[in-house]
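Text of final-v3.cif (mmCIF, C-alpha atoms) as supplied:
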data_protein
loop_
_atom_site.label_atom_id
_atom_site.label_comp_id
_atom_site.auth_asym_id
_atom_site.auth_seq_id
_atom_site.Cartn_x
_atom_site.Cartn_y
_atom_site.Cartn_z
CA MET G 69 -103.88 49.46 210.45
CA ALA G 70 -105.67 52.78 210.70
CA GLU G 71 -104.79 55.45 208.16
CA GLY G 72 -101.76 57.48 209.20
CA ARG G 73 -100.34 60.72 207.89
CA ASP G 74 -98.46 59.16 204.97
CA PRO G 75 -99.72 60.45 201.60
CA PHE G 76 -101.89 57.98 199.67
CA VAL G 77 -104.02 57.63 196.55
CA ARG G 78 -107.22 55.55 196.60
CA VAL G 79 -109.35 54.47 193.61
CA GLN G 80 -112.72 52.74 193.79
CA TYR G 81 -114.40 50.20 191.49
CA ASN G 82 -118.16 49.85 191.12
CA TYR G 83 -117.97 46.33 192.54
CA SER G 84 -115.43 44.01 194.16
CA ARG G 85 -112.86 42.47 191.78
CA GLU G 86 -110.10 39.88 192.01
CA ILE G 87 -106.73 41.53 191.41
CA GLU G 88 -103.38 39.84 190.80
CA GLN G 89 -101.39 42.44 188.91
CA LEU G 90 -101.39 46.25 188.47
CA ASP G 91 -99.40 48.63 186.27
CA ILE G 92 -98.87 51.92 188.17
CA THR G 93 -97.37 55.06 186.62
CA VAL G 94 -95.85 57.06 189.48
CA ILE G 95 -92.97 59.41 190.36
CA LEU G 96 -90.63 57.29 192.48
CA GLU G 97 -88.64 59.12 195.16
CA ASN G 98 -85.38 57.98 196.76
CA GLY G 99 -85.76 56.26 200.14
CA ILE G 100 -89.56 55.99 199.99
CA THR G 101 -91.36 52.73 200.82
CA TYR G 102 -94.41 52.13 198.66
CA LYS G 103 -97.32 49.87 199.63
CA VAL G 104 -100.06 48.72 197.26
CA LEU G 105 -103.24 47.47 198.96
CA VAL G 106 -106.42 45.84 197.64
CA LYS G 107 -109.26 46.42 200.15
CA GLN G 108 -112.94 45.81 200.69
CA LEU G 109 -113.32 48.83 203.02
CA PRO G 110 -112.01 52.33 202.26
CA TYR G 111 -110.95 53.52 205.72
CA THR G 112 -108.97 50.58 207.14
CA ARG G 113 -105.62 49.00 206.31
CA GLU G 114 -104.86 45.41 207.26
CA GLU G 115 -101.76 43.32 206.63
CA LEU G 116 -103.90 40.90 204.63
CA ASP G 117 -104.82 43.77 202.27
CA ILE G 118 -101.22 44.32 201.15
CA CYS G 119 -100.70 43.26 197.54
CA SER G 120 -97.03 44.30 197.40
CA LYS G 121 -94.49 46.49 199.21
CA PHE G 122 -91.12 47.82 198.00
CA THR G 123 -88.55 50.55 198.80
CA TYR G 124 -87.08 52.65 196.01
CA SER G 125 -83.40 53.68 196.26
CA ASN G 126 -82.35 55.87 193.37
CA ARG G 127 -82.88 59.32 191.92
CA SER G 128 -86.43 60.55 191.38
CA ILE G 129 -88.03 59.27 188.19
CA LYS G 130 -91.44 58.93 186.57
CA LYS G 131 -91.92 55.25 185.82
CA THR G 132 -94.56 52.61 185.13
CA VAL G 133 -94.14 49.89 187.75
CA THR G 134 -95.64 46.42 187.31
CA VAL G 135 -96.89 45.23 190.70
CA LYS G 136 -97.71 41.53 191.13
CA CYS G 137 -99.65 40.64 194.26
CA ASN G 138 -98.24 37.93 196.53
CA ARG G 139 -101.59 36.19 196.02
CA PRO G 140 -104.87 37.08 194.27
CA LEU G 141 -106.79 39.65 196.35
CA GLN G 142 -110.48 40.51 196.25
CA GLY G 143 -111.48 44.13 196.79
CA LYS G 144 -113.34 47.24 195.69
CA TYR G 145 -110.56 49.73 196.53
CA ILE G 146 -106.94 50.03 195.37
CA GLU G 147 -104.73 52.15 197.61
CA ILE G 148 -101.10 53.27 197.13
CA VAL G 149 -99.27 54.59 200.22
CA ALA G 150 -95.87 56.34 200.36
CA SER G 151 -94.10 55.90 203.73
CA SER G 152 -91.06 57.91 204.84
CA PRO G 153 -89.59 59.19 208.15
CA ALA G 154 -89.58 62.68 206.63
CA GLU G 155 -92.45 64.52 204.98
CA THR G 156 -92.96 63.38 201.38
CA THR G 157 -95.39 63.60 198.47
CA LEU G 158 -97.01 61.00 196.24
CA LYS G 159 -97.72 61.63 192.55
CA VAL G 160 -99.65 58.88 190.74
CA PHE G 161 -100.59 59.35 187.08
CA GLU G 162 -102.29 56.09 186.12
CA ILE G 163 -103.35 52.74 187.60
CA GLU G 164 -104.12 49.87 185.22
CA ARG G 165 -105.55 46.56 186.35
CA PHE G 166 -104.09 43.54 184.60
CA GLU G 167 -106.77 41.14 183.41
CA CYS G 168 -106.96 38.57 180.65
CA ALA G 169 -109.14 39.34 177.65
CA ASN G 170 -112.38 37.39 177.33
CA GLY G 171 -111.66 33.90 176.05
CA THR G 172 -108.16 33.65 177.59
CA TYR G 173 -106.82 32.71 181.02
CA GLY G 174 -103.66 31.95 183.01
CA GLY G 175 -100.78 33.92 184.53
CA ASN G 176 -99.78 35.56 181.24
CA CYS G 177 -103.15 35.04 179.47
CA SER G 178 -101.54 32.62 177.04
CA LYS G 179 -104.17 29.88 177.45
CA ILE G 180 -107.40 29.78 175.45
CA CYS G 181 -110.74 28.92 177.07
CA SER G 182 -112.13 25.56 175.98
CA ASP G 183 -114.53 25.68 173.05
CA GLY G 184 -116.83 23.62 175.27
CA CYS G 185 -117.32 26.61 177.58
CA ASN G 186 -120.60 28.48 177.47
CA LYS G 187 -119.23 31.91 176.39
CA GLN G 188 -116.51 32.66 179.00
CA CYS G 189 -114.18 30.93 181.45
CA ASP G 190 -112.49 31.84 184.74
CA LYS G 191 -109.58 34.12 183.80
CA ASN G 192 -107.30 32.51 186.40
CA THR G 193 -108.15 28.79 186.25
CA GLY G 194 -110.00 28.35 182.95
CA ASP G 195 -112.99 26.73 184.74
CA CYS G 196 -116.31 27.47 183.09
CA ILE G 197 -119.98 26.60 182.69
CA CYS G 198 -120.20 23.92 180.02
CA LYS G 199 -122.24 23.80 176.87
CA GLY G 200 -124.92 21.10 176.85
CA SER G 201 -122.76 18.40 175.26
CA ARG G 202 -119.55 19.02 177.30
CA TRP G 203 -118.41 18.32 180.86
CA GLY G 204 -115.38 18.65 183.16
CA ASN G 205 -113.68 21.60 184.89
CA LEU G 206 -112.53 23.01 181.57
CA CYS G 207 -115.53 21.65 179.64
CA ASN G 208 -113.06 19.84 177.39
CA GLN G 209 -114.71 16.41 177.53
CA THR G 210 -117.65 15.30 175.41
CA CYS G 211 -120.76 13.69 176.91
CA PRO G 212 -121.20 9.97 176.04
CA SER G 213 -123.11 9.35 172.85
CA SER G 214 -125.59 7.23 174.82
CA CYS G 215 -126.85 10.29 176.65
CA ASP G 216 -130.18 11.60 175.42
CA LYS G 217 -129.63 14.63 173.19
CA ASN G 218 -125.91 14.42 174.07
CA THR G 219 -126.55 16.08 177.44
CA CYS G 220 -124.91 14.99 180.70
CA ASN G 221 -123.88 16.15 184.17
CA SER G 222 -121.30 18.88 183.61
CA ASN G 223 -119.24 17.77 186.64
CA THR G 224 -119.34 13.96 186.32
CA GLY G 225 -120.32 13.27 182.72
CA ALA G 226 -123.14 10.96 183.89
CA CYS G 227 -126.23 10.76 181.69
CA ILE G 228 -129.49 12.24 182.90
CA ARG G 229 -131.75 9.29 183.66
CA ASP G 230 -135.24 9.08 182.33
CA THR G 231 -136.84 10.30 185.56
CA GLY G 232 -138.63 13.40 184.40
CA TYR G 233 -135.85 15.54 185.82
CA CYS G 234 -134.85 18.57 183.77
CA GLU G 235 -131.27 19.04 182.61
CA LYS G 236 -131.76 22.81 182.40
CA CYS G 237 -134.43 25.11 183.81
CA LYS G 238 -135.69 28.39 182.43
CA ILE G 239 -134.02 31.48 183.87
CA GLY G 240 -135.36 32.22 187.35
CA TYR G 241 -136.38 28.64 188.24
CA MET G 242 -134.75 25.63 189.92
CA GLY G 243 -135.48 22.14 191.23
CA ASP G 244 -135.62 18.68 189.68
CA VAL G 245 -138.71 19.61 187.69
CA CYS G 246 -138.02 23.38 187.62
CA ASN G 247 -141.06 24.19 189.77
CA GLN G 248 -139.27 26.38 192.33
CA SER G 249 -138.24 30.01 191.94
CA CYS G 250 -134.63 31.07 192.41
CA PRO G 251 -133.95 33.23 195.49
CA ASP G 252 -135.33 36.72 194.89
CA HIS G 253 -131.93 38.38 194.74
CA CYS G 254 -130.01 35.81 192.71
CA VAL G 255 -130.59 36.59 189.04
CA HIS G 256 -130.01 33.05 187.68
CA CYS G 257 -129.56 29.77 189.54
CA ASP G 258 -128.78 26.08 188.97
CA GLN G 259 -131.83 23.85 189.25
CA ASN G 260 -129.96 21.45 191.56
CA GLY G 261 -129.45 24.04 194.27
CA TYR G 262 -129.12 27.73 195.00
CA LYS G 263 -125.98 28.22 192.91
CA CYS G 264 -126.00 31.38 190.78
CA LEU G 265 -125.40 30.64 187.11
CA THR G 266 -123.34 33.82 187.03
CA CYS G 267 -120.81 32.12 189.33
CA VAL G 268 -117.28 31.54 188.08
CA ASN G 269 -117.92 27.78 188.07
CA LYS G 270 -120.69 25.39 189.07
CA ARG G 271 -118.98 24.11 192.20
CA ASN G 272 -118.93 27.57 193.77
CA GLN G 273 -121.99 29.03 195.52
CA THR G 274 -120.78 32.65 195.54
CA CYS G 275 -122.35 35.09 193.08
CA ALA G 276 -119.52 36.12 190.74
CA TYR G 277 -120.82 39.64 190.26
CA GLY G 278 -121.99 40.23 193.82
CA CYS G 279 -125.48 40.86 195.17
CA GLU G 280 -127.91 43.63 194.39
CA ASP G 281 -127.62 46.66 196.68
CA GLY G 282 -129.16 45.94 200.06
CA TRP G 283 -128.45 42.17 200.07
CA PHE G 284 -125.51 39.95 201.00
CA GLY G 285 -124.45 36.35 201.52
CA GLU G 286 -123.67 33.44 199.24
CA LEU G 287 -127.28 33.22 198.14
CA CYS G 288 -127.90 36.99 198.20
CA ASP G 289 -130.92 36.33 200.43
CA ASP G 290 -129.81 38.18 203.60
CA LYS G 291 -130.88 41.80 203.94
CA CYS G 292 -128.22 44.40 204.89
CA SER G 293 -130.67 46.54 206.87
CA ALA G 294 -131.64 43.54 209.01
CA ALA G 295 -128.01 42.84 209.90
CA VAL G 296 -126.85 46.48 210.23
CA LEU G 297 -129.59 49.01 211.01
CA ASN G 298 -130.13 51.56 208.17
CA CYS G 299 -127.49 49.92 205.94
CA VAL G 300 -128.33 49.82 202.21
CA GLN G 301 -125.15 48.20 200.84
CA CYS G 302 -122.92 45.58 202.46
CA PHE G 303 -120.91 42.41 201.89
CA LEU G 304 -120.09 39.27 203.82
CA THR G 305 -116.61 38.69 205.27
CA ASP G 306 -115.52 36.19 207.93
CA ASN G 307 -119.19 35.16 208.24
CA ALA G 308 -120.17 38.69 209.33
CA PRO G 309 -121.82 41.47 207.28
CA VAL G 310 -119.79 44.65 206.74
CA CYS G 311 -121.75 47.79 205.80
CA THR G 312 -120.28 49.97 203.02
CA HIS G 313 -123.11 52.47 202.45
CA CYS G 314 -125.87 53.84 204.69
CA ALA G 315 -129.38 55.10 203.94
CA ASP G 316 -130.11 58.81 203.44
CA ARG G 317 -129.72 60.89 206.63
CA TRP G 318 -127.27 58.31 208.04
CA TYR G 319 -123.48 58.12 207.72
CA LEU G 320 -120.98 55.28 208.03
CA MET G 321 -118.73 55.12 211.11
CA ASP G 322 -116.56 52.00 211.22
CA THR G 323 -119.19 49.42 210.20
CA ASN G 324 -122.25 51.09 211.77
CA CYS G 325 -124.73 53.64 210.43
CA ILE G 326 -125.03 56.78 212.60
CA LYS G 327 -127.85 59.33 212.25
CA CYS G 328 -126.96 62.68 210.62
CA PRO G 329 -127.71 65.99 212.40
CA GLU G 330 -131.42 66.82 212.58
CA ASN G 331 -131.75 69.00 209.44
CA CYS G 332 -129.27 67.04 207.25
CA SER G 333 -130.37 64.87 204.34
CA LEU G 334 -126.78 63.88 203.49
CA CYS G 335 -123.69 64.01 205.72
CA VAL G 336 -120.23 62.51 206.21
CA SER G 337 -120.09 62.95 209.98
CA SER G 338 -121.94 64.48 212.92
CA GLU G 339 -120.12 67.76 212.20
CA GLU G 340 -120.38 68.01 208.40
CA CYS G 341 -123.52 68.03 206.27
CA LEU G 342 -123.31 67.88 202.50
CA GLU G 343 -126.97 68.70 201.94
CA CYS G 344 -129.73 70.15 204.13
CA LYS G 345 -133.14 68.45 204.12
CA ASN G 346 -134.77 71.68 202.89
CA THR G 347 -133.64 75.13 201.72
CA PHE G 348 -134.68 76.94 204.91
CA TYR G 349 -131.46 75.90 206.71
CA TYR G 350 -127.73 76.26 206.15
CA GLY G 351 -124.39 75.77 207.90
CA LYS G 352 -122.01 72.87 208.53
CA THR G 353 -124.67 70.97 210.44
CA CYS G 354 -127.70 72.71 208.84
CA ASN G 355 -128.52 74.27 212.21
CA LEU G 356 -128.82 77.89 211.01
CA THR G 357 -131.98 79.47 209.57
CA CYS G 358 -131.77 81.41 206.29
CA ASN G 359 -132.09 85.21 206.53
CA THR G 360 -135.77 86.21 206.42
CA ALA G 361 -134.80 88.89 203.87
CA CYS G 362 -134.03 86.11 201.34
CA ILE G 363 -136.82 85.77 198.77
CA ASN G 364 -138.96 82.77 199.84
CA LYS G 365 -136.72 82.69 202.96
CA THR G 366 -134.51 80.08 201.20
CA CYS G 367 -130.73 79.82 200.76
CA ASP G 368 -128.02 77.30 199.85
CA ILE G 369 -125.94 75.38 202.42
CA THR G 370 -123.48 78.31 202.69
CA GLY G 371 -126.25 80.83 203.52
CA ILE G 372 -126.28 82.59 200.12
CA CYS G 373 -129.80 83.64 199.08
CA GLU G 374 -130.50 81.72 195.86
CA HIS G 375 -133.38 83.87 194.56
CA GLY G 376 -132.28 87.35 195.63
CA CYS G 377 -133.30 89.66 198.47
CA ASP G 378 -136.51 91.16 199.78
CA ASN G 379 -137.34 93.88 202.36
CA SER G 380 -134.94 96.60 201.06
CA LYS G 381 -131.87 94.38 201.54
CA TYR G 382 -128.95 93.35 199.30
CA GLY G 383 -125.79 91.22 199.43
CA LYS G 384 -125.17 87.45 199.12
CA GLU G 385 -126.83 86.86 202.48
CA CYS G 386 -129.27 89.82 202.19
CA ASP G 387 -127.72 91.37 205.29
CA LYS G 388 -127.08 94.91 203.96
CA GLU G 389 -129.56 97.81 203.85
CA CYS G 390 -130.52 99.49 200.55
CA MET G 391 -130.41 103.30 200.38
CA LYS G 392 -133.24 105.31 201.90
CA HIS G 393 -136.56 105.20 199.98
CA CYS G 394 -135.37 102.17 197.92
CA LYS G 395 -137.48 98.98 197.94
CA THR G 396 -135.18 96.78 195.81
CA CYS G 397 -131.52 97.45 195.01
CA LEU G 398 -128.53 95.88 193.30
CA ASN G 399 -125.98 97.46 195.63
CA SER G 400 -125.50 100.56 197.79
CA THR G 401 -125.62 102.95 194.79
CA MET G 402 -128.01 101.27 192.33
CA CYS G 403 -131.73 101.16 193.20
CA LEU G 404 -133.98 99.01 191.03
CA GLU G 405 -137.33 100.00 192.60
CA CYS G 406 -138.06 103.14 194.66
CA GLU G 407 -140.86 103.89 197.10
CA ASP G 408 -143.83 105.91 195.79
CA GLY G 409 -142.89 109.58 195.31
CA TYR G 410 -139.21 108.83 194.44
CA PHE G 411 -137.42 107.97 191.21
CA GLY G 412 -134.02 107.24 189.65
CA LYS G 413 -131.05 105.05 190.61
CA SER G 414 -130.61 107.07 193.80
CA CYS G 415 -134.34 107.46 194.61
CA THR G 416 -134.60 111.24 194.16
CA MET G 417 -137.83 112.88 195.35
CA CYS G 418 -140.31 113.59 192.54
CA PRO G 419 -140.58 117.32 191.52
CA LYS G 420 -143.45 119.26 193.11
CA CYS G 421 -144.86 120.24 189.70
CA CYS G 422 -145.70 116.59 188.96
CA ASP G 423 -148.71 114.60 190.18
CA GLY G 424 -146.53 111.46 190.28
CA CYS G 425 -143.28 110.29 188.71
CA ILE G 426 -141.72 107.29 187.01
CA ARG G 427 -138.38 105.67 187.85
CA ASP G 428 -136.25 106.79 184.89
CA HIS G 429 -137.74 110.14 183.83
CA GLY G 430 -139.36 111.90 186.78
CA CYS G 431 -142.78 113.30 185.83
CA PRO G 432 -144.89 110.92 183.73
CA ILE G 433 -146.43 111.77 180.36
CA GLY G 434 -149.82 113.45 180.86
CA SER G 435 -148.99 114.99 184.24
CA ARG G 436 -151.25 118.09 184.51
CA SER G 437 -150.70 119.48 187.99
CA CYS G 438 -148.18 122.29 187.36
CA THR G 439 -149.41 125.31 189.33
CA SER G 440 -146.22 127.28 189.83
CA LEU G 441 -142.73 127.88 188.53
CA VAL G 442 -139.99 127.41 191.11
CA VAL G 443 -136.63 129.18 190.82
CA TYR G 444 -133.87 127.54 192.86
CA LEU G 445 -133.29 130.77 194.74
CA GLY G 446 -136.23 130.16 196.99
CA THR G 447 -138.46 132.47 194.90
CA GLN G 448 -141.82 131.33 193.51
CA PHE G 449 -143.62 132.75 190.52
CA SER G 450 -147.25 131.98 189.82
CA VAL G 451 -148.22 130.75 186.35
CA SER G 452 -150.30 133.88 185.77
CA SER G 453 -147.26 136.11 186.27
CA LEU G 454 -145.73 134.85 183.02
CA SER G 455 -147.37 135.12 179.61
CA SER G 456 -147.30 132.31 177.07
CA THR G 457 -144.88 134.33 174.94
CA GLU G 458 -142.49 134.67 177.87
CA CYS G 459 -142.88 131.01 178.83
CA PRO G 460 -143.73 128.96 175.71
CA TYR G 461 -143.72 125.75 177.78
CA LEU G 462 -146.75 126.65 179.91
CA ASN G 463 -149.29 124.76 177.79
CA SER G 464 -147.51 121.38 178.05
CA TYR G 465 -146.79 119.10 180.91
CA LEU G 466 -143.41 117.30 181.37
CA CYS G 467 -141.01 118.92 183.85
CA GLN G 468 -137.82 120.21 182.19
CA LYS G 469 -134.81 122.37 183.11
CA PRO G 470 -134.36 125.00 180.32
CA ASN G 471 -131.10 126.94 180.52
CA PRO G 472 -130.98 129.82 180.11
CA ALA G 473 -134.41 130.59 181.56
CA PRO G 474 -137.03 131.28 178.83
CA SER G 475 -138.58 134.21 180.68
CA SER G 476 -137.15 137.66 179.91
CA GLN G 477 -137.90 138.49 183.53
CA LEU G 478 -135.45 135.88 184.72
CA ARG G 479 -132.58 136.26 182.25
CA ALA G 480 -130.62 138.07 184.91
CA LEU G 481 -130.31 134.80 186.85
CA THR G 482 -126.91 133.18 186.79
CA PRO G 483 -126.55 130.09 184.49
CA THR G 484 -126.31 127.81 187.49
CA HIS G 485 -129.97 128.43 188.33
CA TYR G 486 -132.94 127.19 186.36
CA LEU G 487 -136.73 127.07 186.27
CA ARG G 488 -138.96 124.05 186.76
CA VAL G 489 -141.41 124.32 183.84
CA CYS G 490 -143.64 121.97 181.86
CA SER G 491 -143.24 120.68 178.31
CA ASN G 492 -145.08 118.15 176.14
CA ASN G 493 -143.82 114.87 174.64
CA SER G 494 -142.48 116.48 171.49
CA GLN G 495 -140.23 118.72 173.57
CA ARG G 496 -138.75 115.95 175.81
#

Just dump the structure as structure tokens.
Amino acid sequence: MAEGRDPFVRVQYNYSREIEQLDITVILENGITYKVLVKQLPYTREELDICSKFTYSNRSIKKTVTVKCNRPLQGKYIEIVASSPAETTLKVFEIERFECANGTYGGNCSKICSDGCNKQCDKNTGDCICKGSRWGNLCNQTCPSSCDKNTCNSNTGACIRDTGYCEKCKIGYMGDVCNQSCPDHCVHCDQNGYKCLTCVNKRNQTCAYGCEDGWFGELCDDKCSAAVLNCVQCFLTDNAPVCTHCADRWYLMDTNCIKCPENCSLCVSSEECLECKNTFYYGKTCNLTCNTACINKTCDITGICEHGCDNSKYGKECDKECMKHCKTCLNSTMCLECEDGYFGKSCTMCPKCCDGCIRDHGCPIGSRSCTSLVVYLGTQFSVSSLSSTECPYLNSYLCQKPNPAPSSQLRALTPTHYLRVCSNNSQR
């Protein structure tokens, strides 16, 4: 079944697990049918995936429901679906997987693993890998005393004959005399075959904890990318590999890996990139070029310039013009760096009595080019027309705005007018 419009909650494990029972804390709504599925693939729903299904008929209530699967199911995803003819919601607070503690097994975990087991046993059946002196499914039988070093075949109890055969190989080796390496992608194996020692029991050739990423099959010796082009993680079902994760710049569609748009390094479809392959592009499919006004011409996937703007621009996308004569600005009213000959937050022109100016103060210390006094009535007075007693600021150099005017000649000017004169550092 393909996913419909019914609300659902999906959780994912790191690897596939066998699940028989779940405790789910959920708000149950009247008339809603709830399905609990255990799946190998996230985006499909099959009848065989259904662990349990029930319809609730009562007032709404928050409750922890114990769900027992009709049979043990193997899967990496747990999904809860709420189905109703009318629009509804699904609120799930907690999902707990029921599993026996290490050393116990059975339907209610009341049985204790045999002390003949090598560490753990199967949590459903109690089967285990036996210690050297035990044999049988539950490792509850002792090897005959006639066996050398009390070791015997863990399945039959037969003694190991004096043939030079090894009872147990070192990790990573197999064969009668332990002279063959285990398959590359099976961590441990039985020396009598290709059985992983991490299997639930010795009669089962399936790796209990799955294969390393990129490999599949009972022996973990088949490569995903050889079976499904550009697949880096897969598993075997019905004798066919099913891809679950694709390589970078590829995305999963059904069970195939499809190439992402040209400038994508990570995507979920042909129309949605999650990451562009470099910072010169942005947009849903990384098909747009960052604004050239961005510093280094780089931006994030939304087009925002990460390192600020260049070329007298400002704004998240560096698409707005700074004020006139401003080289770098914070916004439309705050300039951070003016062109030569201008200063201040608004890039005011430097006074004529200065031979240059600095951003915050106008004329710089040491400016020595004052040749005239300018009254803002359009009248000019030469320096020689005022004596040092009338203009005590003439022998120093930083432009100021004294008010009232220091010259007795100009005291008749209204207070709104002023002289451009020079002063030294001590008079700033």

What are the centre and edge lengths in Å, to one decimal, of the axis-aligned box around all listed atoms of stretch 82-99 of chain G with 8 Å added on each side, as lines of an AutoDock Vina configuration file?
center_x = -101.8
center_y = 49.6
center_z = 193.2
size_x = 48.8
size_y = 35.6
size_z = 29.9

Expand the PyMOL selection byres ((chain G and resi 413) around 12) into the individual residues it matches in the shown file, reporting them as a ChimeraX atom specification.
-> /G:390-407,410-412,414-417,426-430

Tell me, as a PyMOL selection string, which residues lie within 6 Å of stretch 89-95 of chain G, counting only C-alpha atoms; anything in the same chain fewer than 5 positions away does not count.
-> chain G and resi 129-137+159-166

Produce a file of the selected residues containing C-alpha atoms, as a PDB file, keeping the file's coordinate frame.
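Final output, saved to selection-v3.pdb:
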ATOM      1  CA  ILE G 129     -88.030  59.270 188.190  1.00  0.00           C
ATOM      2  CA  LYS G 130     -91.440  58.930 186.570  1.00  0.00           C
ATOM      3  CA  LYS G 131     -91.920  55.250 185.820  1.00  0.00           C
ATOM      4  CA  THR G 132     -94.560  52.610 185.130  1.00  0.00           C
ATOM      5  CA  VAL G 133     -94.140  49.890 187.750  1.00  0.00           C
ATOM      6  CA  THR G 134     -95.640  46.420 187.310  1.00  0.00           C
ATOM      7  CA  VAL G 135     -96.890  45.230 190.700  1.00  0.00           C
ATOM      8  CA  LYS G 136     -97.710  41.530 191.130  1.00  0.00           C
ATOM      9  CA  CYS G 137     -99.650  40.640 194.260  1.00  0.00           C
ATOM     10  CA  LYS G 159     -97.720  61.630 192.550  1.00  0.00           C
ATOM     11  CA  VAL G 160     -99.650  58.880 190.740  1.00  0.00           C
ATOM     12  CA  PHE G 161    -100.590  59.350 187.080  1.00  0.00           C
ATOM     13  CA  GLU G 162    -102.290  56.090 186.120  1.00  0.00           C
ATOM     14  CA  ILE G 163    -103.350  52.740 187.600  1.00  0.00           C
ATOM     15  CA  GLU G 164    -104.120  49.870 185.220  1.00  0.00           C
ATOM     16  CA  ARG G 165    -105.550  46.560 186.350  1.00  0.00           C
ATOM     17  CA  PHE G 166    -104.090  43.540 184.600  1.00  0.00           C
TER      18      PHE G 166
END

Every residue with an atom at most 9 Å from (-103.2, 37.0, 197.5) (file coordinates; all atoms listed in the file) is what I'm after, so could you write them as a PDB file with C-alpha atoms, in the frame of the given file?
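out-v3.pdb was written with the following content:
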ATOM      1  CA  ILE G  87    -106.730  41.530 191.410  1.00  0.00           C
ATOM      2  CA  GLU G  88    -103.380  39.840 190.800  1.00  0.00           C
ATOM      3  CA  LEU G 116    -103.900  40.900 204.630  1.00  0.00           C
ATOM      4  CA  ASP G 117    -104.820  43.770 202.270  1.00  0.00           C
ATOM      5  CA  ILE G 118    -101.220  44.320 201.150  1.00  0.00           C
ATOM      6  CA  CYS G 119    -100.700  43.260 197.540  1.00  0.00           C
ATOM      7  CA  CYS G 137     -99.650  40.640 194.260  1.00  0.00           C
ATOM      8  CA  ASN G 138     -98.240  37.930 196.530  1.00  0.00           C
ATOM      9  CA  ARG G 139    -101.590  36.190 196.020  1.00  0.00           C
ATOM     10  CA  PRO G 140    -104.870  37.080 194.270  1.00  0.00           C
ATOM     11  CA  LEU G 141    -106.790  39.650 196.350  1.00  0.00           C
ATOM     12  CA  GLN G 142    -110.480  40.510 196.250  1.00  0.00           C
TER      13      GLN G 142
END

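Across G:Cys373, G:Asp190, G:Asp74, G:Glu280, the tightest approach to G:Tyr349 is made by G:Cys373 when counting only C-alpha atoms.
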
Kindly resolve the PyMOL selection byres ((chain G and resi 315-328) around 9) on the present coordinates and return the residues as a ChimeraX atom specification.
-> /G:111-112,296-301,309-314,329-341,345,353

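Shortest atom-to-atom contact with G:Leu342 among G:Thr370, G:Asn379, G:Asn170, G:Thr123: G:Thr370, counting all atoms listed in the file.
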
What is the atom CA of G:Gly174 to atom CA of G:Asn192 distance in Å?
-> 5.0 Å

Among listed residues G:Tyr124, G:Tyr382, G:Phe284, G:Trp203, nearest G:Tyr102 (using only C-alpha atoms) = G:Tyr124

Distance query G:Phe348 at most 6 Å, only C-alpha atoms, self and fewer than 5 positions along chain excluded, as a list in words = Thr357, Cys358 and Thr366 of chain G

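The coordinates place atom CA of G:Glu86 at 24.4 Å from atom CA of G:Thr101.
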
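Nearest residue to G:Thr157 among G:Phe122, G:Tyr145, G:Tyr173, G:Phe76 is G:Phe76, counting all atoms listed in the file.
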
Two-atom distance - atom CA of G:Arg127, atom CA of G:Leu96 (Å) | 8.0 Å

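The shell of residues at most 6 Å from G:Asp378, with only C-alpha atoms counted and near chain neighbours (fewer than 6 positions) removed, consists of Ala361, Cys362 and Ile363 of chain G.
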
Taking the file as shown, what set of residues would the PyMOL selection byres ((chain G and resi 178) around 12) give back, as a ChimeraX atom specification?
-> /G:167-177,179-181,191-194

Around (-119.4, 24.1, 180.2) in the file's frame, which residues reach within 10 Å when counting all atoms listed in the file? Return as a ChimeraX atom specification?
-> /G:182-189,195-209,221-223,269-270
